[in-house]
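What follows is coords.txt (compact mmCIF, C-alpha atoms).
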```
# COMPACT_ATOMS: atom_id res chain seq x y z
CA MET A 1280 0.00 0.00 0.00
CA ILE A 1281 2.82 2.43 0.95
CA ILE A 1282 4.78 1.51 -2.20
CA ARG A 1283 1.75 2.12 -4.35
CA LYS A 1284 1.22 5.61 -2.84
CA ILE A 1285 4.83 6.60 -3.35
CA SER A 1286 4.80 5.48 -6.93
CA ASN A 1287 1.83 7.72 -7.59
CA TYR A 1288 3.70 10.81 -6.40
CA GLY A 1289 5.98 10.96 -9.42
CA ASP A 1290 9.69 11.54 -9.43
CA LYS A 1291 9.57 15.19 -8.34
CA LYS A 1292 7.31 14.61 -5.36
CA LEU A 1293 9.25 11.49 -4.37
CA LYS A 1294 12.52 13.44 -4.24
CA LYS A 1295 10.84 16.09 -2.10
CA LEU A 1296 9.52 13.47 0.34
CA ILE A 1297 12.93 11.84 0.66
CA LYS A 1298 14.58 15.21 1.22
CA ILE A 1299 12.15 16.11 4.03
CA THR A 1300 12.66 12.69 5.64
CA LEU A 1301 16.46 13.01 5.56
CA ILE A 1302 16.40 16.54 6.98
CA ALA A 1303 14.13 15.45 9.82
CA SER A 1304 16.44 12.52 10.56
CA ALA A 1305 19.52 14.73 10.55
CA LEU A 1306 17.94 17.31 12.85
CA SER A 1307 17.15 14.61 15.39
CA MET A 1308 20.86 13.74 15.70
CA PRO A 1309 23.48 15.68 17.73
CA LEU A 1310 25.79 17.90 15.74
CA ILE A 1311 29.37 16.70 15.32
CA ALA A 1312 31.54 19.76 15.97
CA HIS A 1313 34.56 20.82 17.97
CA ALA A 1314 34.94 23.90 20.13
CA ASP A 1315 37.99 26.10 19.70
CA TRP A 1316 40.43 27.25 22.36
CA SER A 1317 39.88 30.81 23.55
CA ILE A 1318 41.97 33.29 25.53
CA LYS A 1319 40.74 36.34 27.44
CA ALA A 1320 42.92 39.10 28.87
CA LEU A 1321 41.93 40.17 32.36
CA ASP A 1322 41.24 43.75 33.42
CA ALA A 1323 44.05 46.21 32.55
CA ARG A 1324 44.74 46.80 36.24
CA ILE A 1325 45.54 43.12 36.75
CA PHE A 1326 49.04 42.65 35.39
CA LEU A 1327 52.40 41.62 36.76
CA GLY A 1328 54.95 44.28 37.56
CA ALA A 1329 58.68 43.85 37.11
CA ASN A 1330 59.09 42.80 40.75
CA ASN A 1331 56.33 40.16 40.58
CA GLN A 1332 54.25 41.76 43.34
CA GLU A 1333 51.10 41.82 41.23
CA GLN A 1334 49.79 38.33 40.73
CA VAL A 1335 47.06 36.11 39.28
CA LEU A 1336 46.93 33.22 41.73
CA ASP A 1337 43.68 31.26 41.81
CA ILE A 1338 40.42 30.69 39.94
CA ASN A 1339 37.20 29.03 41.11
CA ASN A 1340 34.63 27.08 39.09
CA LEU A 1341 32.73 30.29 38.25
CA GLY A 1342 35.85 31.75 36.67
CA GLN A 1343 36.38 34.30 39.48
CA VAL A 1344 40.07 35.20 39.77
CA VAL A 1345 42.07 36.42 42.78
CA GLY A 1346 45.55 37.85 43.29
CA SER A 1347 47.04 41.26 44.08
CA TYR A 1348 47.71 44.50 42.22
CA PHE A 1349 49.69 47.72 42.73
CA ILE A 1350 48.03 50.90 43.96
CA GLY A 1351 50.37 53.29 42.17
CA ASP A 1352 53.26 52.99 44.64
CA PRO A 1353 55.04 49.62 44.20
CA GLN A 1354 55.14 49.32 47.99
CA ILE A 1355 51.35 49.43 48.21
CA PHE A 1356 49.35 46.50 46.84
CA HIS A 1357 45.89 45.15 47.52
CA ALA A 1358 44.13 41.83 47.13
CA TYR A 1359 41.50 41.76 44.39
CA MET A 1360 38.91 39.46 42.89
CA THR A 1361 37.06 39.49 39.58
CA GLY A 1362 33.51 38.60 38.69
CA GLU A 1363 32.54 35.43 36.85
CA ASN A 1364 34.77 34.46 33.91
CA GLY A 1365 37.26 37.17 34.83
CA VAL A 1366 34.83 40.02 34.14
CA GLY A 1367 34.87 43.03 36.47
CA PHE A 1368 37.22 43.96 39.29
CA LYS A 1369 36.90 44.37 43.08
CA ASP A 1370 39.52 45.72 45.48
CA LEU A 1371 39.31 43.63 48.68
CA GLY A 1372 41.18 46.15 50.83
CA THR A 1373 43.35 45.23 53.84
CA LEU A 1374 43.09 44.72 57.60
CA GLY A 1375 44.18 48.31 58.20
CA GLY A 1376 47.60 48.47 56.54
CA ASP A 1377 48.60 49.12 52.95
CA ARG A 1378 49.27 45.58 51.70
CA SER A 1379 47.24 42.44 51.07
CA VAL A 1380 47.41 39.41 48.77
CA ALA A 1381 44.64 36.94 47.89
CA TYR A 1382 45.87 33.36 47.46
CA GLY A 1383 42.71 31.28 47.21
CA ILE A 1384 38.98 31.42 46.44
CA ASN A 1385 36.16 28.88 46.75
CA ASP A 1386 33.00 28.54 44.68
CA LEU A 1387 31.05 30.80 47.07
CA GLY A 1388 33.49 33.62 46.40
CA GLN A 1389 35.10 33.41 49.86
CA VAL A 1390 38.68 34.63 49.53
CA VAL A 1391 41.71 33.91 51.72
CA GLY A 1392 45.19 35.38 51.88
CA GLN A 1393 47.25 37.67 54.08
CA ALA A 1394 46.91 41.36 54.90
CA GLN A 1395 48.77 43.99 56.86
CA LEU A 1396 47.19 45.14 60.14
CA ALA A 1397 48.77 48.60 59.99
CA ASN A 1398 51.31 50.40 57.84
CA LYS A 1399 54.66 48.64 58.29
CA GLY A 1400 52.91 46.36 60.77
CA PRO A 1401 52.48 42.57 60.92
CA THR A 1402 50.59 40.56 58.29
CA HIS A 1403 47.84 38.14 59.29
CA ALA A 1404 45.85 35.47 57.50
CA PHE A 1405 42.38 36.60 56.44
CA ILE A 1406 39.11 35.21 55.14
CA THR A 1407 36.19 37.02 53.54
CA GLY A 1408 32.52 36.26 53.33
CA PRO A 1409 30.83 35.18 50.07
CA ASP A 1410 31.59 37.36 47.04
CA GLY A 1411 34.69 38.74 48.76
CA LEU A 1412 32.75 40.80 51.30
CA GLY A 1413 33.83 41.44 54.90
CA MET A 1414 37.56 40.69 55.25
CA ARG A 1415 38.37 39.43 58.76
CA ASP A 1416 41.48 38.32 60.64
CA LEU A 1417 41.65 34.57 61.26
CA ASN A 1418 43.49 35.27 64.53
CA VAL A 1419 45.81 32.27 64.24
CA PRO A 1420 46.72 31.34 67.86
CA PHE A 1421 50.51 31.13 67.61
CA PRO A 1422 53.10 33.52 69.02
CA SER A 1423 54.04 35.06 65.70
CA GLU A 1424 53.41 38.33 63.91
CA PHE A 1425 53.10 36.48 60.60
CA SER A 1426 50.38 34.17 59.29
CA ARG A 1427 49.15 33.37 55.81
CA ALA A 1428 46.06 31.61 54.48
CA SER A 1429 46.86 29.82 51.24
CA SER A 1430 43.68 27.95 50.24
CA ILE A 1431 40.03 27.36 51.11
CA ASN A 1432 37.50 24.66 50.27
CA ASN A 1433 33.77 25.05 49.67
CA SER A 1434 32.84 24.47 53.32
CA GLY A 1435 35.13 27.34 54.29
CA GLN A 1436 37.95 25.27 55.79
CA VAL A 1437 41.18 27.22 55.43
CA ALA A 1438 44.77 25.98 55.19
CA GLY A 1439 47.77 28.17 55.90
CA ASP A 1440 50.97 28.63 57.85
CA THR A 1441 52.46 30.70 60.67
CA SER A 1442 56.20 30.70 61.33
CA ALA A 1443 56.49 27.58 59.14
CA ARG A 1444 53.82 25.74 61.10
CA ALA A 1445 50.73 24.50 59.28
CA PHE A 1446 47.23 25.40 60.42
CA ILE A 1447 43.73 24.35 59.43
CA THR A 1448 40.37 25.82 60.40
CA GLY A 1449 36.87 24.49 60.74
CA PRO A 1450 34.04 25.47 58.36
CA ASP A 1451 33.79 29.18 57.51
CA GLY A 1452 37.24 29.78 58.98
CA VAL A 1453 36.07 29.17 62.55
CA GLY A 1454 38.43 27.44 64.99
CA VAL A 1455 42.13 27.32 64.12
CA THR A 1456 44.33 24.28 64.79
CA VAL A 1457 48.12 24.74 64.46
CA LYS A 1458 50.24 21.69 63.56
CA ASN A 1459 53.44 22.10 65.58
CA ILE A 1460 55.38 19.32 63.86
CA GLY A 1461 58.37 20.99 62.21
CA GLN A 1462 58.83 23.14 59.11
CA THR A 1463 55.40 22.47 57.60
CA ILE A 1464 53.98 24.71 54.87
CA PRO A 1465 50.60 23.70 53.39
CA VAL A 1466 49.58 25.11 50.04
CA ASP A 1467 46.24 23.50 49.22
CA ILE A 1468 43.18 21.85 50.77
CA ASN A 1469 40.46 19.68 49.20
CA GLU A 1470 36.80 19.18 50.08
CA SER A 1471 37.51 16.51 52.72
CA GLY A 1472 40.05 18.75 54.44
CA ARG A 1473 43.16 16.95 53.20
CA LEU A 1474 46.19 19.24 53.16
CA VAL A 1475 49.24 19.08 50.91
CA GLY A 1476 52.48 21.02 51.01
CA GLN A 1477 56.06 20.59 52.15
CA ILE A 1478 57.46 19.35 55.46
CA ASN A 1479 61.20 19.49 56.06
CA GLY A 1480 61.89 19.46 52.31
CA THR A 1481 59.47 16.65 51.41
CA ALA A 1482 55.97 16.78 49.94
CA PHE A 1483 53.21 15.61 52.27
CA ILE A 1484 49.51 14.78 52.30
CA THR A 1485 47.24 14.53 55.33
CA GLY A 1486 44.11 12.59 56.06
CA PRO A 1487 40.69 14.27 56.28
CA ASP A 1488 40.55 17.47 58.35
CA GLY A 1489 44.32 17.76 58.35
CA LYS A 1490 44.92 14.66 60.47
CA VAL A 1491 47.72 12.08 60.01
CA ILE A 1492 50.54 13.51 57.90
CA THR A 1493 52.08 11.14 55.31
CA PRO A 1494 55.04 11.83 52.98
CA VAL A 1495 54.31 11.71 49.25
CA GLN A 1496 56.46 9.10 47.52
CA PRO A 1497 59.13 10.88 45.40
CA LEU A 1498 60.04 9.94 41.85
CA PRO A 1499 62.62 7.12 41.49
CA GLY A 1500 66.03 8.36 42.54
CA GLY A 1501 64.57 11.52 44.05
CA LEU A 1502 64.86 12.94 47.54
CA ALA A 1503 63.48 16.47 47.88
CA SER A 1504 59.94 17.08 46.58
CA LEU A 1505 57.23 19.70 46.69
CA ALA A 1506 53.43 19.45 46.55
CA SER A 1507 51.54 22.26 44.80
CA ALA A 1508 47.89 21.18 44.75
CA ILE A 1509 45.37 18.43 45.49
CA ASN A 1510 41.98 17.55 44.01
CA ASP A 1511 38.96 16.00 45.70
CA SER A 1512 40.11 12.45 44.87
CA GLY A 1513 43.33 13.09 46.75
CA GLN A 1514 45.52 13.26 43.64
CA VAL A 1515 48.57 15.39 44.41
CA VAL A 1516 50.76 17.32 41.96
CA GLY A 1517 54.05 19.17 42.31
CA ARG A 1518 57.69 18.53 41.46
CA SER A 1519 60.22 15.97 42.61
CA GLY A 1520 63.96 15.56 42.24
CA ALA A 1521 65.07 12.54 40.24
CA SER A 1522 68.26 11.14 38.73
CA TYR A 1523 67.31 12.81 35.43
CA GLY A 1524 66.41 16.24 36.80
CA ILE A 1525 63.49 17.90 38.59
CA GLN A 1526 60.19 16.80 37.11
CA ALA A 1527 56.44 17.32 37.51
CA TYR A 1528 54.41 14.48 38.96
CA VAL A 1529 50.85 13.42 39.70
CA THR A 1530 49.87 10.78 42.24
CA GLY A 1531 46.97 8.37 42.32
CA GLU A 1532 44.00 8.80 44.64
CA ASN A 1533 44.79 9.72 48.25
CA GLY A 1534 48.40 10.42 47.31
CA VAL A 1535 49.19 6.78 46.54
CA GLY A 1536 51.62 6.00 43.68
CA ILE A 1537 53.36 8.55 41.48
CA THR A 1538 53.61 9.28 37.74
CA ASN A 1539 56.30 11.38 36.08
CA LEU A 1540 54.62 13.86 33.72
CA GLY A 1541 57.81 14.43 31.74
CA THR A 1542 59.04 17.55 29.93
CA PHE A 1543 59.25 19.01 26.41
CA GLY A 1544 62.76 17.65 25.98
CA GLY A 1545 64.54 19.33 28.88
CA SER A 1546 65.26 18.21 32.43
CA PHE A 1547 62.83 20.41 34.40
CA SER A 1548 59.08 20.55 34.85
CA GLU A 1549 56.69 21.52 37.63
CA ALA A 1550 52.95 20.98 38.07
CA THR A 1551 51.12 23.96 39.59
CA ASP A 1552 47.50 22.78 39.80
CA ILE A 1553 45.07 19.90 39.18
CA ASN A 1554 41.29 19.82 38.72
CA ASN A 1555 38.79 17.12 39.66
CA ALA A 1556 39.08 15.50 36.21
CA GLY A 1557 42.76 14.88 36.91
CA GLU A 1558 43.90 17.49 34.38
CA VAL A 1559 47.19 19.11 35.37
CA VAL A 1560 48.81 22.43 34.42
CA GLY A 1561 52.38 23.59 34.89
CA ILE A 1562 55.62 24.47 33.11
CA ALA A 1563 58.19 22.27 31.39
CA SER A 1564 61.57 22.97 29.82
CA LEU A 1565 62.49 22.36 26.19
CA GLU A 1566 65.85 21.07 24.99
CA THR A 1567 66.91 24.73 25.16
CA PRO A 1568 66.79 26.61 28.50
CA GLU A 1569 63.36 27.94 27.48
CA ALA A 1570 60.27 26.64 29.33
CA HIS A 1571 56.68 26.38 28.07
CA SER A 1572 53.37 26.00 29.85
CA PHE A 1573 51.62 22.64 29.60
CA LEU A 1574 48.29 20.93 30.10
CA TYR A 1575 48.45 17.24 31.02
CA SER A 1576 45.16 15.63 30.05
CA HIS A 1577 43.94 12.24 28.83
CA GLY A 1578 47.40 10.76 29.38
CA GLY A 1579 49.38 13.28 27.31
CA MET A 1580 51.01 16.70 27.54
CA THR A 1581 49.99 19.64 25.33
CA ASP A 1582 52.28 22.65 24.81
CA LEU A 1583 50.01 25.62 25.61
CA SER A 1584 52.64 28.16 24.57
CA LEU A 1585 52.35 26.99 20.95
CA LEU A 1586 48.56 27.09 20.66
CA ASP A 1587 47.31 29.05 17.63
CA VAL A 1588 45.01 31.09 19.88
CA VAL A 1589 47.97 32.12 22.07
CA ILE A 1590 50.33 33.08 19.26
CA GLY A 1591 47.60 34.54 17.05
CA ASN A 1592 46.46 36.91 19.82
CA ASN A 1593 49.99 38.26 20.42
CA TRP A 1594 50.71 36.41 23.68
CA SER A 1595 54.16 35.09 24.60
CA ASN A 1596 56.08 33.88 27.67
CA ILE A 1597 52.89 32.54 29.24
CA GLN A 1598 52.95 30.96 32.70
CA VAL A 1599 49.92 29.03 33.99
CA THR A 1600 49.03 28.99 37.66
CA ALA A 1601 45.65 27.29 38.13
CA ILE A 1602 42.87 25.30 36.43
CA ASN A 1603 39.22 24.84 37.37
CA ASP A 1604 36.77 22.00 36.68
CA ASN A 1605 35.39 23.75 33.58
CA GLY A 1606 38.64 23.80 31.63
CA GLN A 1607 39.50 27.43 32.43
CA ILE A 1608 43.24 27.89 32.88
CA LEU A 1609 44.53 30.93 34.75
CA GLY A 1610 47.91 32.45 33.96
CA TYR A 1611 49.88 35.49 32.90
CA GLY A 1612 52.13 36.39 30.01
CA THR A 1613 53.43 39.12 27.74
CA LEU A 1614 50.74 40.71 25.58
CA ILE A 1615 51.75 42.95 22.67
CA ASP A 1616 49.32 45.73 21.77
CA PRO A 1617 48.70 45.38 18.00
CA ILE A 1618 48.33 49.16 17.58
CA SER A 1619 51.05 50.65 19.79
CA GLY A 1620 53.38 47.66 19.69
CA LEU A 1621 53.96 48.01 23.44
CA ALA A 1622 54.36 44.86 25.53
CA ASN A 1623 52.65 44.46 28.92
CA THR A 1624 52.50 41.51 31.27
CA ARG A 1625 48.84 40.64 31.72
CA GLY A 1626 46.69 38.01 33.34
CA PHE A 1627 44.54 35.74 31.16
CA ILE A 1628 42.01 32.92 31.19
CA LEU A 1629 42.70 30.25 28.57
CA SER A 1630 39.65 28.04 27.99
CA TYR A 1631 38.76 24.76 26.33
CA THR A 1632 35.87 22.29 26.49
CA SER A 1633 35.52 18.51 26.45
CA ASP A 1634 35.30 18.48 22.63
CA THR A 1635 38.17 20.91 21.96
CA VAL A 1636 40.77 19.62 19.52
CA PHE A 1637 44.20 19.73 21.16
CA ASN A 1638 46.81 21.02 18.72
CA PRO A 1639 49.88 21.14 18.61
CA GLN A 1640 51.00 17.79 19.95
CA PRO A 1641 47.55 16.19 19.80
CA ILE A 1642 46.65 14.01 22.74
CA PHE A 1643 44.16 11.18 22.98
CA ILE A 1644 40.53 12.29 23.16
CA PRO A 1645 37.97 9.52 23.75
CA ALA A 1646 36.08 8.71 20.55
CA ALA A 1647 32.33 9.19 20.27
CA PRO A 1648 30.23 6.04 20.75
CA ILE A 1649 29.92 3.92 17.57
CA PRO A 1650 26.34 4.03 16.27
CA GLU A 1651 24.29 0.88 15.87
CA PRO A 1652 24.15 -0.55 12.28
CA GLU A 1653 20.58 0.57 11.72
CA THR A 1654 21.50 4.20 12.41
CA TYR A 1655 24.22 4.40 9.76
CA ALA A 1656 21.72 5.21 6.99
CA MET A 1657 20.41 8.24 8.88
CA LEU A 1658 23.95 9.28 9.78
CA LEU A 1659 25.12 9.29 6.17
CA ALA A 1660 21.96 11.01 5.02
CA GLY A 1661 22.41 13.84 7.47
CA LEU A 1662 26.09 14.57 6.82
CA GLY A 1663 25.37 17.09 4.07
CA LEU A 1664 22.94 19.06 6.22
CA ILE A 1665 25.30 18.93 9.24
CA GLY A 1666 28.12 20.33 7.13
CA PHE A 1667 25.87 23.17 5.97
CA ILE A 1668 24.81 24.00 9.53
CA ALA A 1669 28.41 23.95 10.77
CA ARG A 1670 29.50 26.30 7.98
CA ARG A 1671 26.60 28.65 8.70
CA ARG A 1672 27.43 28.73 12.43
CA LYS A 1673 31.05 29.51 11.64
CA GLN A 1674 30.00 32.37 9.34
CA ASN A 1675 27.63 33.74 11.97
CA SER A 1676 30.32 33.66 14.68
```
Take the structure I supplied and represent it as structure tokens, if you would.
Amino acid sequence: MIIRKISNYGDKKLKKLIKITLIASALSMPLIAHADWSIKALDARIFLGANNQEQVLDINNLGQVVGSYFIGDPQIFHAYMTGENGVGFKDLGTLGGDRSVAYGINDLGQVVGQAQLANKGPTHAFITGPDGLGMRDLNVPFPSEFSRASSINNSGQVAGDTSARAFITGPDGVGVTVKNIGQTIPVDINESGRLVGQINGTAFITGPDGKVITPVQPLPGGLASLASAINDSGQVVGRSGASYGIQAYVTGENGVGITNLGTFGGSFSEATDINNAGEVVGIASLETPEAHSFLYSHGGMTDLSLLDVVIGNNWSNIQVTAINDNGQILGYGTLIDPISGLANTRGFILSYTSDTVFNPQPIFIPAAPIPEPETYAMLLAGLGLIGFIARRRKQNS
């Protein structure tokens, strides 16, 4: 019956029916496309000075950035934070002096760091409320005029140090416990309260809530090591001495096991941060003394300094400092103004997504699921339309 009806349509009407059917089939399928890398310069006031006192130090999962910036005089600098995706700028002030630095931020916008109490006075660890509001002294209970808060998790637990002694707080920065166990400097904390850092020249990891300190196994042949960051699975990253140089590493869950991330041909590399997908950022040397920034993802290392989006937008000498769970990489580098030709050191957010093509030095990206045999006909039929849509989107962008 159906065949008889189609035959009565005639060739012209039959072609039209087939065309409509194929378009409908193609529209019901997901588009096959890849997102490009992108790079965004941060606000003009957020750039590194010659003495490295202005910094871009941390980024949360909303893309809010923290660090410090000069207030005219190079001896006066304040902590700052941006809005989402690096847009906007907020001076966080101090605790009464003329200096402050923001080292960490959680997803609520609570910021931690250190700030001067009075001009030329001591510096104390601080925490803010959500969205960077209400800076307050953590009042670390140790006989020292110096304390620093280096990181904060989403419950508001803070990690820091005072006179080379680690401390950890309870939620929302309430209740400070100092670890009086030697030269211990923590640099990061995860959602379960595990701390990582350096103790007497060796990287360490703690159990939940900062309890039970355990050394991180160094690379083969290595002695001294440093831990830079930890994710919520307990994977630790940093650098470790080895018989073949100083190299970046990543551990397994809970700090167990260690993997050498390698270099770009030289003998030095260092991992600066890791996200909850296990993606690592850092720097690595080439065969020459030059070093490039890298992203370690899906089992391979990508040279970020050679990305088309970096070179094509007049960036050079980039250094990456942090990465969030959405593929936003925080860093700084030299940016050349295309009109004036002047070079400034600026902060940036370099972004990618799960379907971004990594180039140069492509790394393994999991393939899309193979369609069932009966879907191949629709797939082939829709390729022409998909190509047209992709070209139109590119033209529109």
query = Of the candidates A:Val1588, A:Val1560, A:Ala1397, A:Ile1447, which one gets nearest to Leu1609 in chain A if we count all atoms listed in the file?
reply = A:Val1560
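Nearest-residue note for Asn1623 in chain A: choosing from A:Ala1550, A:Ile1338, A:Ala1381, A:Ile1325, the minimum distance belongs to A:Ile1325, counting all atoms listed in the file.
Among the candidate residues A:Leu1387, A:Val1529, A:Val1589, A:Ala1482, the one lying nearest to Leu1502 in chain A is A:Ala1482, with distances computed using only C-alpha atoms.
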key: Contacts of Leu1583 in chain A at 8 Å (only C-alpha atoms; same-chain gap of 2+ positions) as a PyMOL selection string   = chain A and resi 1571-1574+1581+1585-1586+1589
Residues from last step as file, C-alpha atoms, as a PDB file, in the coordinates of the input:
```pdb
ATOM      1  CA  HIS A1571      56.680  26.380  28.070  1.00  0.00           C
ATOM      2  CA  SER A1572      53.370  26.000  29.850  1.00  0.00           C
ATOM      3  CA  PHE A1573      51.620  22.640  29.600  1.00  0.00           C
ATOM      4  CA  LEU A1574      48.290  20.930  30.100  1.00  0.00           C
ATOM      5  CA  THR A1581      49.990  19.640  25.330  1.00  0.00           C
ATOM      6  CA  LEU A1585      52.350  26.990  20.950  1.00  0.00           C
ATOM      7  CA  LEU A1586      48.560  27.090  20.660  1.00  0.00           C
ATOM      8  CA  VAL A1589      47.970  32.120  22.070  1.00  0.00           C
TER       9      VAL A1589
END
```
6 Å contact set for Tyr1359 in chain A, only C-alpha atoms, chain neighbours under 4 positions out, as a PyMOL selection string = chain A and resi 1345-1347+1369-1371
ask   = What separation in Å, quoted to one decimal, exists between CA of Val1535 in chain A and CA of Pro1494 in chain A?
value = 10.1 Å
ask   = Suppose you want the space between CA of Gly1376 in chain A and CA of Lys1399 in chain A; what is it in Å?
value = 7.3 Å
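Relative to CA of Val1559 in chain A, CA of His1577 in chain A is found at 10.0 Å.
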message = List the spatial neighbours of Arg1518 in chain A as a ChimeraX atom specification - criterion: any atom at most 6 Å away, all atoms listed in the file, same-chain residues fewer than 3 positions off excluded.
response = /A:1504-1505,1526-1528,1549
Distance table requested - range 1450-1533 of chain A against range 1441-1446 of chain A, cut-off 8 Å, all atoms listed in the file: one row per qualifying residue with the closest atom pair and its distance in Å to one decimal, ordered by chain and rising residue number, as a Markdown table.
```
| residue | atom | partner | partner_atom | distance |
| --- | --- | --- | --- | --- |
| A:Val1455 | CA | A:Phe1446 | CA | 6.6 |
| A:Thr1456 | CA | A:Phe1446 | CA | 5.4 |
| A:Val1457 | CA | A:Phe1446 | CA | 4.2 |
| A:Lys1458 | CA | A:Ala1445 | CA | 5.1 |
| A:Asn1459 | CA | A:Arg1444 | CA | 5.8 |
| A:Ile1460 | CA | A:Arg1444 | CA | 7.2 |
| A:Gly1461 | CA | A:Arg1444 | CA | 6.7 |
| A:Gln1462 | CA | A:Ala1443 | CA | 5.0 |
| A:Thr1463 | CA | A:Arg1444 | CA | 5.0 |
| A:Ile1464 | CA | A:Ala1445 | CA | 5.5 |
| A:Pro1465 | CA | A:Ala1445 | CA | 5.9 |
```
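Of the residues listed (A:Val1390, A:Leu1341, A:Ala1521, A:Val1437), A:Val1437 shows the shortest atom-to-atom separation from Val1419 in chain A; distances use all atoms listed in the file.
Candidate residues A:Asn1398, A:Thr1481, A:Thr1448, A:Thr1373 were compared for distance to Leu1417 in chain A, and the nearest is A:Thr1448, using all atoms listed in the file.
Closest approach to Phe1349 in chain A among A:Gly1561, A:Pro1497, A:Gly1372, A:Gly1534 is made by A:Gly1372 (distances from all atoms listed in the file).
Surrounding range 1617-1620 of chain A within 12 Å are Gly1591, Asn1592, Asn1593, Trp1594, Thr1613, Leu1614 and Asn1623 of chain A, with only C-alpha atoms counted and residues fewer than 3 positions along the same chain left out.
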message = Taking 2 positions as the minimum chain separation for residues in the same chain, which residues sit within 12 Å of Pro1487 in chain A when counting all atoms listed in the file? Answer as number ranges by chain.
response = A: 1436, 1447, 1449, 1468-1475, 1484-1485, 1489-1493, 1511-1513, 1533
Please dump the current selection as a PDB file, in the coordinates of the input; keep C-alpha atoms.
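Result file is selection-v3.pdb:
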```pdb
ATOM      1  CA  GLN A1436      37.950  25.270  55.790  1.00  0.00           C
ATOM      2  CA  ILE A1447      43.730  24.350  59.430  1.00  0.00           C
ATOM      3  CA  GLY A1449      36.870  24.490  60.740  1.00  0.00           C
ATOM      4  CA  ILE A1468      43.180  21.850  50.770  1.00  0.00           C
ATOM      5  CA  ASN A1469      40.460  19.680  49.200  1.00  0.00           C
ATOM      6  CA  GLU A1470      36.800  19.180  50.080  1.00  0.00           C
ATOM      7  CA  SER A1471      37.510  16.510  52.720  1.00  0.00           C
ATOM      8  CA  GLY A1472      40.050  18.750  54.440  1.00  0.00           C
ATOM      9  CA  ARG A1473      43.160  16.950  53.200  1.00  0.00           C
ATOM     10  CA  LEU A1474      46.190  19.240  53.160  1.00  0.00           C
ATOM     11  CA  VAL A1475      49.240  19.080  50.910  1.00  0.00           C
ATOM     12  CA  ILE A1484      49.510  14.780  52.300  1.00  0.00           C
ATOM     13  CA  THR A1485      47.240  14.530  55.330  1.00  0.00           C
ATOM     14  CA  GLY A1489      44.320  17.760  58.350  1.00  0.00           C
ATOM     15  CA  LYS A1490      44.920  14.660  60.470  1.00  0.00           C
ATOM     16  CA  VAL A1491      47.720  12.080  60.010  1.00  0.00           C
ATOM     17  CA  ILE A1492      50.540  13.510  57.900  1.00  0.00           C
ATOM     18  CA  THR A1493      52.080  11.140  55.310  1.00  0.00           C
ATOM     19  CA  ASP A1511      38.960  16.000  45.700  1.00  0.00           C
ATOM     20  CA  SER A1512      40.110  12.450  44.870  1.00  0.00           C
ATOM     21  CA  GLY A1513      43.330  13.090  46.750  1.00  0.00           C
ATOM     22  CA  ASN A1533      44.790   9.720  48.250  1.00  0.00           C
TER      23      ASN A1533
END
```
